[in-house]
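K.L.:
Below is the file start14.cif, which contains mmCIF, C-alpha atoms.
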```
data_model
loop_
_atom_site.label_atom_id
_atom_site.label_comp_id
_atom_site.auth_asym_id
_atom_site.auth_seq_id
_atom_site.Cartn_x
_atom_site.Cartn_y
_atom_site.Cartn_z
CA MET U 1 109.81 100.83 79.43
CA SER U 2 108.60 103.99 81.10
CA ILE U 3 104.93 103.59 81.95
CA MET U 4 103.35 100.17 81.71
CA ASN U 5 99.81 98.92 81.97
CA MET U 6 98.55 96.31 84.42
CA GLN U 7 98.79 93.49 81.86
CA GLU U 8 102.48 94.25 81.16
CA LEU U 9 103.14 94.57 84.87
CA LYS U 10 101.49 91.23 85.62
CA GLN U 11 103.66 89.56 82.97
CA LEU U 12 106.70 91.01 84.74
CA ILE U 13 105.42 89.76 88.12
CA TYR U 14 104.44 86.28 86.91
CA ASN U 15 107.87 85.79 85.42
CA GLY U 16 108.85 85.59 89.07
CA GLU U 17 111.20 87.49 91.34
CA LYS U 18 114.55 87.58 89.67
CA VAL U 19 117.73 89.46 90.10
CA ASP U 20 115.96 92.60 88.86
CA ILE U 21 112.41 92.32 90.30
CA GLU U 22 111.33 92.50 93.94
CA CYS U 23 107.67 92.27 95.00
CA LYS U 24 106.52 93.65 98.34
CA GLU U 25 103.24 93.50 100.17
CA ALA U 26 102.55 97.11 101.09
CA GLU U 27 98.92 97.41 101.98
CA SER U 28 98.90 100.72 103.78
CA ASN U 29 102.54 101.82 103.95
CA VAL U 30 105.91 101.37 102.31
CA PRO U 31 107.77 98.51 104.05
CA ARG U 32 111.27 99.21 105.38
CA SER U 33 112.59 96.40 103.18
CA ALA U 34 111.71 98.50 100.10
CA TYR U 35 114.62 100.80 100.98
CA GLU U 36 116.93 97.81 101.35
CA SER U 37 115.87 96.70 97.86
CA TYR U 38 116.49 100.24 96.61
CA SER U 39 120.04 100.03 98.02
CA ALA U 40 120.56 96.54 96.58
CA PHE U 41 119.36 97.43 93.07
CA ALA U 42 121.32 100.69 93.00
CA ASN U 43 124.50 98.86 94.05
CA THR U 44 124.00 95.95 91.64
CA LYS U 45 122.33 96.21 88.22
CA GLY U 46 119.15 98.15 88.89
CA GLY U 47 115.64 96.70 88.89
CA TYR U 48 111.96 97.07 89.73
CA ILE U 49 110.39 97.19 93.18
CA ILE U 50 106.67 96.45 92.91
CA LEU U 51 104.52 97.38 95.92
CA GLY U 52 101.17 95.66 96.40
CA VAL U 53 102.07 92.06 95.57
CA LYS U 54 102.09 89.34 98.21
CA GLU U 55 104.42 86.40 97.70
CA ASN U 56 103.63 82.91 98.97
CA LYS U 57 106.99 81.12 98.84
CA LYS U 58 105.34 77.71 99.33
CA LYS U 59 103.73 77.88 95.88
CA THR U 60 105.69 77.23 92.72
CA PHE U 61 103.35 78.39 89.96
CA PRO U 62 103.87 82.14 89.55
CA GLU U 63 100.13 82.88 89.27
CA GLU U 64 99.64 81.22 92.68
CA ARG U 65 102.90 82.38 94.20
CA PHE U 66 102.40 86.08 93.48
CA MET U 67 99.07 87.55 94.58
CA VAL U 68 98.36 90.99 93.16
CA GLN U 69 96.58 92.52 96.14
CA GLY U 70 97.01 96.19 95.47
CA ILE U 71 97.59 98.90 98.03
CA GLN U 72 95.61 101.64 99.70
CA ASN U 73 96.26 105.36 99.27
CA SER U 74 98.87 104.89 96.55
CA LYS U 75 99.52 108.62 96.09
CA LYS U 76 100.34 109.01 99.78
CA GLN U 77 102.64 105.97 99.67
CA VAL U 78 104.49 107.44 96.69
CA GLU U 79 104.85 110.69 98.64
CA ASP U 80 106.11 108.79 101.71
CA PHE U 81 108.66 106.96 99.57
CA TRP U 82 109.96 110.23 98.10
CA ASN U 83 110.14 111.83 101.57
CA THR U 84 112.11 108.90 102.96
CA ILE U 85 114.48 108.61 100.04
CA ASN U 86 115.25 112.32 100.23
CA SER U 87 115.83 112.15 104.01
CA SER U 88 118.79 110.93 106.03
CA LYS U 89 117.27 107.43 106.10
CA VAL U 90 119.01 106.84 102.77
CA ASN U 91 122.38 108.34 101.89
CA ARG U 92 121.48 109.36 98.33
CA ASN U 93 118.48 109.60 96.02
CA ILE U 94 119.29 108.55 92.47
CA LEU U 95 115.67 108.43 91.24
CA LYS U 96 113.94 110.81 88.85
CA ASP U 97 110.20 111.61 88.98
CA GLU U 98 109.37 109.21 86.18
CA ASP U 99 111.07 106.30 87.98
CA ILE U 100 108.11 105.92 90.35
CA PHE U 101 104.64 105.39 88.97
CA ILE U 102 101.27 103.95 89.90
CA VAL U 103 99.74 101.22 87.74
CA GLU U 104 95.99 100.85 88.17
CA GLU U 105 93.06 98.82 87.02
CA PRO U 106 89.58 99.02 88.58
CA GLY U 107 89.91 98.22 92.29
CA ILE U 108 93.69 97.69 92.27
CA SER U 109 96.64 100.06 92.48
CA LEU U 110 100.29 99.03 92.46
CA ILE U 111 103.36 101.19 92.81
CA VAL U 112 106.34 100.51 90.57
CA ILE U 113 109.74 101.89 91.54
CA LYS U 114 112.30 101.58 88.76
CA VAL U 115 115.74 101.78 90.35
CA PRO U 116 118.66 102.45 88.00
CA ARG U 117 122.14 101.18 88.70
CA ALA U 118 124.00 103.91 90.57
CA ASP U 119 127.01 105.43 88.87
CA TYR U 120 130.20 104.02 90.41
CA LYS U 121 131.06 107.49 91.78
CA MET U 122 127.84 107.41 93.83
CA ARG U 123 128.13 103.90 95.25
CA PRO U 124 127.58 102.57 97.80
CA ILE U 125 123.94 103.57 98.18
CA TYR U 126 122.95 102.62 101.73
CA VAL U 127 120.14 102.75 104.27
CA GLY U 128 120.81 104.72 107.45
CA GLU U 129 123.98 106.52 108.47
CA ASN U 130 126.53 103.73 108.26
CA PRO U 131 127.61 102.27 104.91
CA TYR U 132 129.01 99.17 106.66
CA LYS U 133 125.59 98.39 108.17
CA GLY U 134 123.19 99.64 105.52
CA THR U 135 124.66 98.67 102.15
CA PHE U 136 122.78 95.95 100.29
CA LYS U 137 123.45 94.02 97.10
CA ARG U 138 121.27 91.78 95.00
CA ASN U 139 121.55 88.15 94.01
CA ASN U 140 119.00 85.71 92.57
CA GLU U 141 117.25 85.11 95.88
CA GLY U 142 116.98 88.73 96.88
CA ASP U 143 118.75 91.40 98.88
CA TYR U 144 121.66 90.71 101.18
CA HIS U 145 124.00 92.81 103.32
CA ALA U 146 127.10 93.62 101.32
CA THR U 147 130.32 92.39 102.88
CA GLU U 148 132.89 94.82 104.23
CA HIS U 149 135.15 93.78 101.34
CA GLU U 150 132.45 94.60 98.74
CA ILE U 151 131.74 97.96 100.38
CA ARG U 152 135.43 98.88 100.52
CA GLY U 153 135.64 98.02 96.82
CA MET U 154 132.74 100.37 96.03
CA ILE U 155 134.26 103.19 98.09
CA ARG U 156 137.69 102.66 96.55
CA ASP U 157 136.38 102.64 92.97
#
```
Could I get this file's structure written as structure tokens?
P.N.:
Amino acid sequence: MSIMNMQELKQLIYNGEKVDIECKEAESNVPRSAYESYSAFANTKGGYIILGVKENKKKTFPEERFMVQGIQNSKKQVEDFWNTINSSKVNRNILKDEDIFIVEEPGISLIVIKVPRADYKMRPIYVGENPYKGTFKRNNEGDYHATEHEIRGMIRD
């Protein structure tokens, strides 16, 4: 699925956050946690980061739990994401141009970042300078700091 429309994207969102989908509220800038999700997806099985969706964890019905709010200045946020991911804030960029796209409908823009699984030679993908502090992995609930044992395994492989 390369480019999707808002209806397809909403179906993805309303299926709920899973091991391969992470929604972030990102009204006017990319949250730092987006880079942690990038690390987690790259080190696990890949997935989608969707910016512009607020999650209310107290609600159970997906249509109530996930509020598609949209974001401001989506083109600038995409640019900011690229700048950060190509800087020393992340050890390696494994994304191609078509992996980040804006999905719009009148009055609402969302950014979708499709993160592939990193090749084992490239792992770990981490945030910051220190792999032991900035490596994340993904489980059902979300992103978590990888253990030293997991990181050593990635480096060894």
K.L.:
Might you spell out which residues the PyMOL selection byres ((chain U and resi 45) around 10) would select in the displayed file, as number ranges by chain?
P.N.:
U: 19-20, 40-44, 46-47, 115-118, 137-139
K.L.:
Using only C-alpha atoms, please write the residues we just selected to a file, as an mmCIF file, in the frame of the given file.
P.N.:
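Saved file again-v1.cif follows:
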```
data_model
loop_
_atom_site.group_PDB
_atom_site.id
_atom_site.type_symbol
_atom_site.label_atom_id
_atom_site.label_comp_id
_atom_site.auth_asym_id
_atom_site.auth_seq_id
_atom_site.Cartn_x
_atom_site.Cartn_y
_atom_site.Cartn_z
ATOM 1 C CA VAL U 19 117.730 89.460 90.100
ATOM 2 C CA ASP U 20 115.960 92.600 88.860
ATOM 3 C CA ALA U 40 120.560 96.540 96.580
ATOM 4 C CA PHE U 41 119.360 97.430 93.070
ATOM 5 C CA ALA U 42 121.320 100.690 93.000
ATOM 6 C CA ASN U 43 124.500 98.860 94.050
ATOM 7 C CA THR U 44 124.000 95.950 91.640
ATOM 8 C CA GLY U 46 119.150 98.150 88.890
ATOM 9 C CA GLY U 47 115.640 96.700 88.890
ATOM 10 C CA VAL U 115 115.740 101.780 90.350
ATOM 11 C CA PRO U 116 118.660 102.450 88.000
ATOM 12 C CA ARG U 117 122.140 101.180 88.700
ATOM 13 C CA ALA U 118 124.000 103.910 90.570
ATOM 14 C CA LYS U 137 123.450 94.020 97.100
ATOM 15 C CA ARG U 138 121.270 91.780 95.000
ATOM 16 C CA ASN U 139 121.550 88.150 94.010
#
```
K.L.:
Using the chain letters and residue numbers of this document, give as a list of chain:residue names the residues selected by the PyMOL selection byres ((chain U and resi 26) around 10).
P.N.:
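Going through the file, the PyMOL selection byres ((chain U and resi 26) around 10) ends up selecting U:Cys23, U:Lys24, U:Glu25, U:Glu27, U:Ser28, U:Asn29, U:Val30, U:Pro31, U:Arg32, U:Ala34, U:Ile50, U:Leu51, U:Gly52, U:Val53, U:Lys54, U:Gln69, U:Gly70, U:Ile71, U:Gln72, U:Ser74, U:Gln77, U:Leu110, U:Ile111.
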K.L.:
Measure the distance from CA of Val90 in chain U to CA of Glu104 in chain U in Å and round it to one decimal.
P.N.:
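Those two atoms sit 27.9 Å apart.
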K.L.:
Can you check which parts of range 19-98 of chain U lie within 7 Å of range 121-134 of chain U? Per residue, the shortest pair of atoms and distance in Å to one decimal, counting all atoms listed in the file, sorted by chain and number, as CSV.
P.N.:
```
residue,atom,partner,partner_atom,distance
U:Tyr35,CA,U:Val127,CA,6.7
U:Glu36,CA,U:Val127,CA,6.6
U:Ser39,CA,U:Ile125,CA,5.3
U:Ala42,CA,U:Ile125,CA,6.5
U:Asn43,CA,U:Pro124,CA,6.1
U:Ser88,CA,U:Gly128,CA,6.7
U:Lys89,CA,U:Gly128,CA,4.7
U:Val90,CA,U:Val127,CA,4.5
U:Asn91,CA,U:Tyr126,CA,5.8
U:Arg92,CA,U:Ile125,CA,6.3
```
K.L.:
Of the candidates U:Ile21, U:Ile155, U:Met4, U:Ile108, which shows the shortest atom-to-atom distance to Met67 in chain U, using only C-alpha atoms?
P.N.:
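When distances to Met67 in chain U are compared using only C-alpha atoms, the smallest one comes from U:Ile108.
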K.L.:
Leaving out Phe66 in chain U and any residue of its chain fewer than 2 positions from it, which residues lie within 6 Å of it when counting only C-alpha atoms, given as a ChimeraX atom specification?
P.N.:
/U:54-55,62-64
K.L.:
Pick from U:Lys76, U:Glu22, U:Ile49, U:Gln7: nearest to Asn140 in chain U, with all atoms listed in the file counted?
P.N.:
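The shortest atom-to-atom distance to Asn140 in chain U comes from U:Glu22.
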